[in-house]
Every structure is written in C-alpha cells, then in structure tokens.
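Trainee: Input: one structure, supplied below.
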Amino acid sequence: MTQIKQIDVAAAIAAGETSLGIELGSTRIKACLIGPDHQPIATGSHAWENQFVDRLWTYSVEAVWEGVQASVADLLAQVEEAYGVRPTSIGALGVSAMMHGYLAFSAEDELLVPFRTWRNTTTERAAAELTEVLGFNFPLRWSASHVYEAILDDEPHVSELAFITTLAGYVHWRLTGRKVLGVGDASGMFPIDPATRDYDADMLARFQGLVAARRPGLDVASLLPEVLVAGADAGTLTAEGAALLDPTGTLQPGALVAPPEGDAGTGMIATNAVAPRTGNISAGTSIFAMVVLEKPLESVHEELDIVTTPAGDLVAMVHCNNGASELGAWAGVFTEFAAAMGVVGGADAVFETLFRAALDGEADGGGLLAYNYLSGEPITGLAEGRPLVVRTPGSRLTLANFMRTQLYGAFGTLSLGMRVLHDEGVELDSMFAHGGMFRTAGVAQRLLAAAIGAPVTVGDTASEGGAWGMAVLAEFRRAGAGAELSDYLGSRVFADAAVDVAEPDAGDVAGYAAWLEQYEAGLAIERAAADAIR
C-alpha cells in the first residue's frame with residue numbers, strides 16, 4: 001500500500017476524512033485511525049485483563065469505558081504530536097470486540113448480571129440441547145447458549161430480561177443509540193441464514209418453542225439486536241457517544257458509524273480473507289481460524305462454529321479458548337530475568353530473542369510438551385485448564401526446544417480442529433495470519449505453516465490486527481458506495497499490499513506431526529491436573 005504525503009494526512013485529519021476503528025480485545029483495547037488510502041495514521045492502546053469473579057470470567061462496564069477512553073486519548077495525542085492537528089471530527093468509525101458472550105439488559109436498559117465473556121464454559125447443558133434439537137452446532141460461548149442456560153438454571157434475572165447483545169453491540173449502542181450488530185458478530189449469537197443475511201427464521205421459531213415451554217411470554221426474537229451487513233447504515237455518533245469517546249469534548253458528534261463487528265470479522269478484513277477458499281488465523285488470548293466456505297458442510301461438527309463474514313457469507317470457525325497468553329507469561333518471566341541481570345532492551349527484545357531461539361529447536365520439540373490451557377477448551381473436551389510443561393527424563397530441555405514447544409502449544413488445539421475441515425474436503429487457496437505473535441518475522445508464521453500443513457501469509461498490517469480491520473470497515477461505510485466488500489478490499493485496500501508467504505517446511509511438518517501425536521496422548525495429563533489441582 002502506497003504511503004501518502006504528510007501534508008495530505010494533515011489535510012485529511014483537518015477535513016474529517018478519516019476513519020477510526022476501535023477493538024476491545026482480551027488483553028488490549030486498541031484504536032486505529034486511517035486516512036482515505038486505508039493507511040494507519042496513528043494508533044492508541046490500553047491494557048486490561050478479565051477478572052474471575054464467582055467462577056465466571058468478566059470485565060466490568062467501568063473498565064470498558066476507561067479502556068476505550070484511554071485508547072482514544074492515546075491515539076488523539078499521537079496524531080497531534082505527529083501532524084500538529086488534533087482531530088475534532090472523523091468521517092466514520094466502528095467498534096469491534098471479542099465475540100460471543102452475554103450482556104443482558106432490562107427494559108430500563110440496566111445491566112442485569114456482570115458481562116459473561118466468551119471464555120466461560122458453564123453453558124454445556126444449554127449448548128448440547130440446542131445442538132441436538134436444532135441440528136446446528138451451538139458452541140458454549142455463543143449468546144444463545146448463555147441465555148438458554150440462564151433459562152434452564154432459572155436465574156432470577158431472566159424475569160427482567162429485555163435485550164441481549166455482545167460487547168461490540170453494547171459499545172455501539174451507547175455511542176449511537178442503535179441496538180444493532182454486524183452480521184458476522186450476530187452469527188456468534190444465533191445462526192444466520194446466508195440467503196437472508198439475518199437470523200435463521202426456522203431455527204429461531206424452534207428455539208422459541210424450547211423457551212416457551214419454560215418461560216411463557218418471553219419472545220426470544222425481541223431479545224436480539226437487528227442484523228446489518230457491512231456498509232449498511234448503523235447510525236451516527238451522538239453527542240453522548242462523542243463524550244464517551246472523548247470526555248474532553250474535543251471530538252464532535254456526527255460521524256457515520258459502521259455496523260459493530262466481532263474480532264473474527266475484523267480479522268478477516270485485516271487479512272483480505274472474505275472470499276470463498278480463503279481463510280485467516282488470528283492469534284491473541286484465544287486463537288482461531290476462519291475459512292470461507294464454498295458450500296455448507298455435510299455434517300455438524302462440535303469442533304467447528306459456522307459463522308459468517310461481515311458480508312454474510314458462511315465461514316467455518318475453529319475457535320480455541322487458549323492462544324498466546326501462556327506464551328506471553330513465559331516471555332514475561334524471561335523479561336524479568338533479563339532485567340535482574342541488568343540486560344537493557346525490554347520486552348520487545350526479549351520476545352525477538354526467544355522467538356528466534358525457537359527456530360533452532362528440534363523439529364519435534366526434543367520431547368517436551370506444553371499445554372497453554374488457562375481456561376477450559378471445548379475442542380479437547382476440557383471444562384477447566386491448568387497450564388503445564390511436561391517432559392520425560394530423556395527429553396532435551398534447552399531454550400530452543402522450550403520456545404519451539406511453547407509456540408507449538410499455542411497451535412496444538414487449532415491444528416486438531418483444522419483436521420476436521422480437511423476431512424470434510426474443504427480446500428484453501430490462501431491462509432493469512434495476523435496478531436502480535438507474527439511481529440517477529442518468519443518464526444510463528446513458519447511453525448504455523450507446519451502445524452496446519454498449508455502456506456501462511458503475513459501482510460504488512462498483521463500487527464495492527466482487528467482495530468485496523470474495523471477502521472477499514474468504517475471507511476467502507478463512508479466511501480464504499482455500494483461496492484461488494486471483497487471487490488473493495490481487493491481493488492482499493494490490498495491492491496499494492498506487501499505480503500510474505502511461508503511454505504510448510506518438510507522437516508517441520510514431520511516434527512510437528514510427531515509432537516502432536518504426543519500432545520494428544522498427553523491430554524490425559526491435562527485432564528488429571530484439572531481434577532487434582534483446584
């Protein structure tokens with residue numbers, strides 16, 4: 001993508017010809033401002049963490065707004081410092097966030113219970129019944145599973161229930177007054193009919209029957225947000241919304257707002273993976289693969305979610321609850337050690353060193369196993385997680401083997417899920433990867449190619465990730481003029497994109513296959529640890 005001159009950037013900022021993407025990820029809230037050429041102008045971020053309260057993973061509403069405001073303030077300050085212009089208006093904006101979960105509100109718009117995130121695995125009974133009755137895989141983290149579990153458990157708040165949404169939908173609602181969702185995010189609440197780009201009417205009617213048997217008078221359709229495809233009118237930034245983004249009052253209302261999306265959808269945008277036979281892998285606190293399908297799958301698979309692109313096309317999603325968090329924790333330990341030794345360089349240098357060391361590790365990890373399960377993992381049937389490093393007395397414990405194994409561990413569950421797609425005969429022309437893990441060029445990308453047995457592409461926006469992808473969706477809302485989303489991305493966003501492709505290395509593939517066989521066998525150890533250690 002060609003850079004525009006600084007004077008053009010300053011002029012675009014002053015004229016409000018920019019688009020802002022905000023993404024609330026699991027460990028970081030990030031804001032990204034782009035110009036009319038889709039190039040990042042500035043980014044802002046704020047770190048946050050979920051809390052485990054009453055055996056449920058949650059974030060407080062106060063933490064949501066504190067983080068959004070901090071990331072926007074960081075971005076505005078960087079824009080002013082770099083270009084001498086502090087934005088007072090933006091052309092368009094959009095919000096994305098971690099998908100699924102459960103935010104429940106009363107008719108008076110009061111939050112009834114703390115936000116239940118995608119990470120919770122307490123909805124097994126509901127998800128199993130919905131999957132069996134509706135003939136469609138309902139993952140534990142989907143909003144429909146959460147609301148039905150609350151009904152099955154006869155939770156007191158259900159009697160006051162009037163509206164449910166996702167985290168992105170909630171933030172969008174507060175910014176615009178509109179209770180809507182982008183179709184990709186909505187597909188993590190309830191199944192979408194690809195013909196109508198709306199909730200599947202037949203399944204919704206059958207779901208209503210299940211609910212009516214236990215809660216007569218509760219209309220499930222009225223609980224759900226309105227569904228919108230990418231580029232649709234999702235409202236404008238209100239005065240109240242502008243004050244939430246920027247309490248200083250500098251940022252003015254009136255910006256066009258794109259339909260709110262999930263992080264899976266923005267990952268597809270950020271990697272130009274919205275056309276059939278393309279896919280992407282997003283690596284963060286969770287790790288997931290999205291593969292755009294040419295046709296529906298033959299069978300229902302518990303390992304696969306069927307969701308959609310932001311345009312409403314069917315996608316098979318392999319979602320693993322546990323991604324790079326444990327890898328990051330170990331990097332933190334090594335960062336502390338480096339500091340104690342008086343080594344200057346900081347966390348970025350430590351990550352670079354550790355990742356590079358992984359390339360020198362034995363292809364099979366030298367007999368080491370690593371499980372990154374901080375929480376439960378439905379794909380492998382684990383309700384709770386216990387991070388583990390396991391080795392035999394004859395294993396080779398070196399830094400290189402340890403780091404290669406930690407990277408393998410981040411991809412282990414994902415490759416088990418991807419195997420199901422392969423068995424369904426799904427074919428891929430390209431697989432893109434994005435997320436902070438891929439900032440160290442050629443390391444995680446190469447090992448991921450071995451793990452999935454397919455070429456992995458990383459673009460020059462890979463580390464910007466979903467916030468940039470959401471900014472592109474906002475610009476599509478502002479300037480797309482009725483274009484097809486895939487055409488818009490191909491001709492106007494990625495036409496000159498610089499990409500790097502890593503082909504699977506035969507030695508890595510063989511080594512990873514041997515490691516994965518041991519990894520599967522060792523899952524019994526992980527189950528025993530979860531049972532024994534509380």
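If you're wondering about the labels, chains in the structure tokens are A, B, ... by order shown, residues count from 1 in each chain, ligands from 1 in order shown.
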Which residues of range 275-324 of chain A have any atom within 12 Å of an atom in range 450-453 of chain A when counting only C-alpha atoms, and what is the closest pair of atoms for each, with the distance in Å to one decimal? Order the rows by chain and rising number and write it as a Markdown table.

Mentor:
```
| residue | atom | partner | partner_atom | distance |
| --- | --- | --- | --- | --- |
| A:Asn280 | CA | A:Ile452 | CA | 11.7 |
| A:Ile281 | CA | A:Ile452 | CA | 10.5 |
| A:Ala289 | CA | A:Ile452 | CA | 10.3 |
```

Trainee: I'd like the contact shell of Val472 in chain A - 9 Å cut-off, only C-alpha atoms, skipping same-chain residues fewer than 3 positions apart - returned as a PyMOL selection string.

Mentor: chain A and resi 19-21+34+38+94+266+269-270+467-469+475-477+489+493

Trainee: When DSSP works through the backbone of this structure, what residues of range 136-303 of chain A end up as helix (DSSP H, G or I), shown as a ChimeraX atom specification?

Mentor: /A:143-152,156-160,167-176,183-186,201-214,220-223,239-245,263-270

Trainee: What separation in Å, quoted to one decimal, exists between CA of Ser187 in chain A and CA of Pro259 in chain A?

Mentor: 13.3 Å

Trainee: Kindly indicate which residue among A:Met418, A:Val211, A:Arg178, A:Pro276 lies nearest to Asp154 in chain A, using only C-alpha atoms for the distances.

Mentor: A:Val211

Trainee: List as a list in words the protein and nucleic acid residues near Ser106 in chain A, meaning an atom at most 6 Å away when only C-alpha atoms are counted, but skip any in the same chain fewer than 5 places from it.

Mentor: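 After dropping sequence-adjacent residues, the list is Glu160, Leu161 and Ala162 of chain A.
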
Trainee: Excluding Arg478 in chain A and any residue of its chain fewer than 6 positions from it, enumerate the residues within 12 Å of it, using only C-alpha atoms, and give them as a ChimeraX atom specification.

Mentor: /A:16-20,35-36,38,90-94,230-236,255-259,471-472

Trainee: What's the 9 Å shell around Leu304 in chain A, counting only C-alpha atoms, without same-chain residues fewer than 5 positions away, as a PyMOL selection string?

Mentor: chain A and resi 137+139+316-319+379+417-418+420-421

Trainee: Need the shell around Leu76 in chain A: protein/DNA/RNA residues with any atom at most 8 Å away, counting only C-alpha atoms. Skip same-chain ones fewer than 6 positions apart. Format as a CSV table (one decimal) with C-alpha atoms, in the first residue's frame?

Mentor:
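Below is the file that was written, result.csv:
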```csv
chain,number,residue,atom,x,y,z
A,44,GLY,CA,-3.6,4.1,20.6
A,86,ARG,CA,-5.8,17.4,16.9
A,87,PRO,CA,-8.9,15.8,15.3
```

Trainee: Compile the contact shell of Ala514 in chain A as a PyMOL selection string: residues with an atom at most 9 Å away, counting only C-alpha atoms, same-chain residues fewer than 4 positions apart removed.

Mentor: chain A and resi 363-364+509-510+518-519

Trainee: Emit the selected residues as a short mmCIF file (atom, residue, chain, number, x, y, z; two decimals), in the first residue's frame, including N, CA and C atoms.

Mentor:
```cif
data_model
loop_
_atom_site.label_atom_id
_atom_site.label_comp_id
_atom_site.auth_asym_id
_atom_site.auth_seq_id
_atom_site.Cartn_x
_atom_site.Cartn_y
_atom_site.Cartn_z
N ALA A 363 12.86 -30.34 15.61
CA ALA A 363 11.58 -30.27 14.91
C ALA A 363 10.44 -30.87 15.72
N ASP A 364 10.74 -31.87 16.56
CA ASP A 364 9.70 -32.48 17.39
C ASP A 364 9.66 -31.92 18.80
N VAL A 509 7.11 -30.07 9.29
CA VAL A 509 5.83 -30.78 9.22
C VAL A 509 5.94 -32.15 9.88
N ALA A 510 6.98 -32.89 9.57
CA ALA A 510 7.17 -34.21 10.16
C ALA A 510 7.39 -34.11 11.67
N GLN A 518 2.10 -36.93 20.45
CA GLN A 518 2.37 -36.95 21.89
C GLN A 518 1.46 -35.98 22.63
N TYR A 519 1.18 -34.83 22.00
CA TYR A 519 0.30 -33.82 22.59
C TYR A 519 -1.09 -34.40 22.84
#
```

Trainee: Which residue out of A:Val183, A:Ala128, A:Met437, A:Leu175 has the minimum interatomic distance to Leu237 in chain A when only C-alpha atoms are used?

Mentor: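 Using only C-alpha atoms, Leu237 in chain A sits closest to A:Leu175.
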
Trainee: Pick out each residue of range 246-380 of chain A that DSSP on the backbone tags as strand (DSSP E or B); I need them as number ranges by chain.

Mentor: A: 256-257, 261-262, 278-283, 287-292, 305-308, 314-320, 368-371, 377

Trainee: With C-alpha atoms retained, write the just-selected residues as an mmCIF file, in the first residue's frame.

Mentor:
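File written: part.cif
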```cif
data_model
loop_
_atom_site.group_PDB
_atom_site.id
_atom_site.type_symbol
_atom_site.label_atom_id
_atom_site.label_comp_id
_atom_site.auth_asym_id
_atom_site.auth_seq_id
_atom_site.Cartn_x
_atom_site.Cartn_y
_atom_site.Cartn_z
ATOM 1 C CA LEU A 256 -21.014 7.794 10.303
ATOM 2 C CA VAL A 257 -20.809 4.541 12.256
ATOM 3 C CA GLU A 261 -18.361 -6.498 14.341
ATOM 4 C CA GLY A 262 -16.628 -9.275 16.210
ATOM 5 C CA THR A 278 -9.595 -18.038 1.651
ATOM 6 C CA GLY A 279 -9.062 -18.044 5.372
ATOM 7 C CA ASN A 280 -7.225 -16.418 8.234
ATOM 8 C CA ILE A 281 -5.838 -17.208 11.635
ATOM 9 C CA SER A 282 -5.989 -14.699 14.453
ATOM 10 C CA ALA A 283 -3.674 -15.260 17.401
ATOM 11 C CA ILE A 287 -6.604 -18.374 18.686
ATOM 12 C CA PHE A 288 -8.991 -19.132 15.887
ATOM 13 C CA ALA A 289 -9.076 -19.961 12.207
ATOM 14 C CA MET A 290 -11.740 -18.694 9.802
ATOM 15 C CA VAL A 291 -12.277 -20.466 6.487
ATOM 16 C CA VAL A 292 -14.773 -19.017 3.998
ATOM 17 C CA ASP A 305 -18.624 -22.986 14.550
ATOM 18 C CA ILE A 306 -20.496 -21.872 11.466
ATOM 19 C CA VAL A 307 -20.450 -18.079 11.400
ATOM 20 C CA THR A 308 -20.269 -15.503 8.592
ATOM 21 C CA LEU A 314 -20.712 -18.737 5.545
ATOM 22 C CA VAL A 315 -17.477 -19.357 7.421
ATOM 23 C CA ALA A 316 -16.225 -22.391 9.322
ATOM 24 C CA MET A 317 -14.557 -21.224 12.508
ATOM 25 C CA VAL A 318 -12.141 -23.263 14.589
ATOM 26 C CA HIS A 319 -12.111 -21.388 17.886
ATOM 27 C CA CYS A 320 -9.703 -22.273 20.692
ATOM 28 C CA LEU A 368 8.861 -31.501 25.552
ATOM 29 C CA LEU A 369 5.116 -30.821 25.723
ATOM 30 C CA ALA A 370 3.384 -27.557 26.580
ATOM 31 C CA TYR A 371 -0.302 -27.006 27.328
ATOM 32 C CA GLU A 377 -11.045 -25.929 25.945
#
```

Trainee: I need the residue nearest Val443 in chain A from this list: A:Pro114, A:Gly342, A:Gly482, A:Gly361. Use only C-alpha atoms for the distance.

Mentor: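 Checking each candidate against Val443 in chain A, we get A:Gly361 as the closest.
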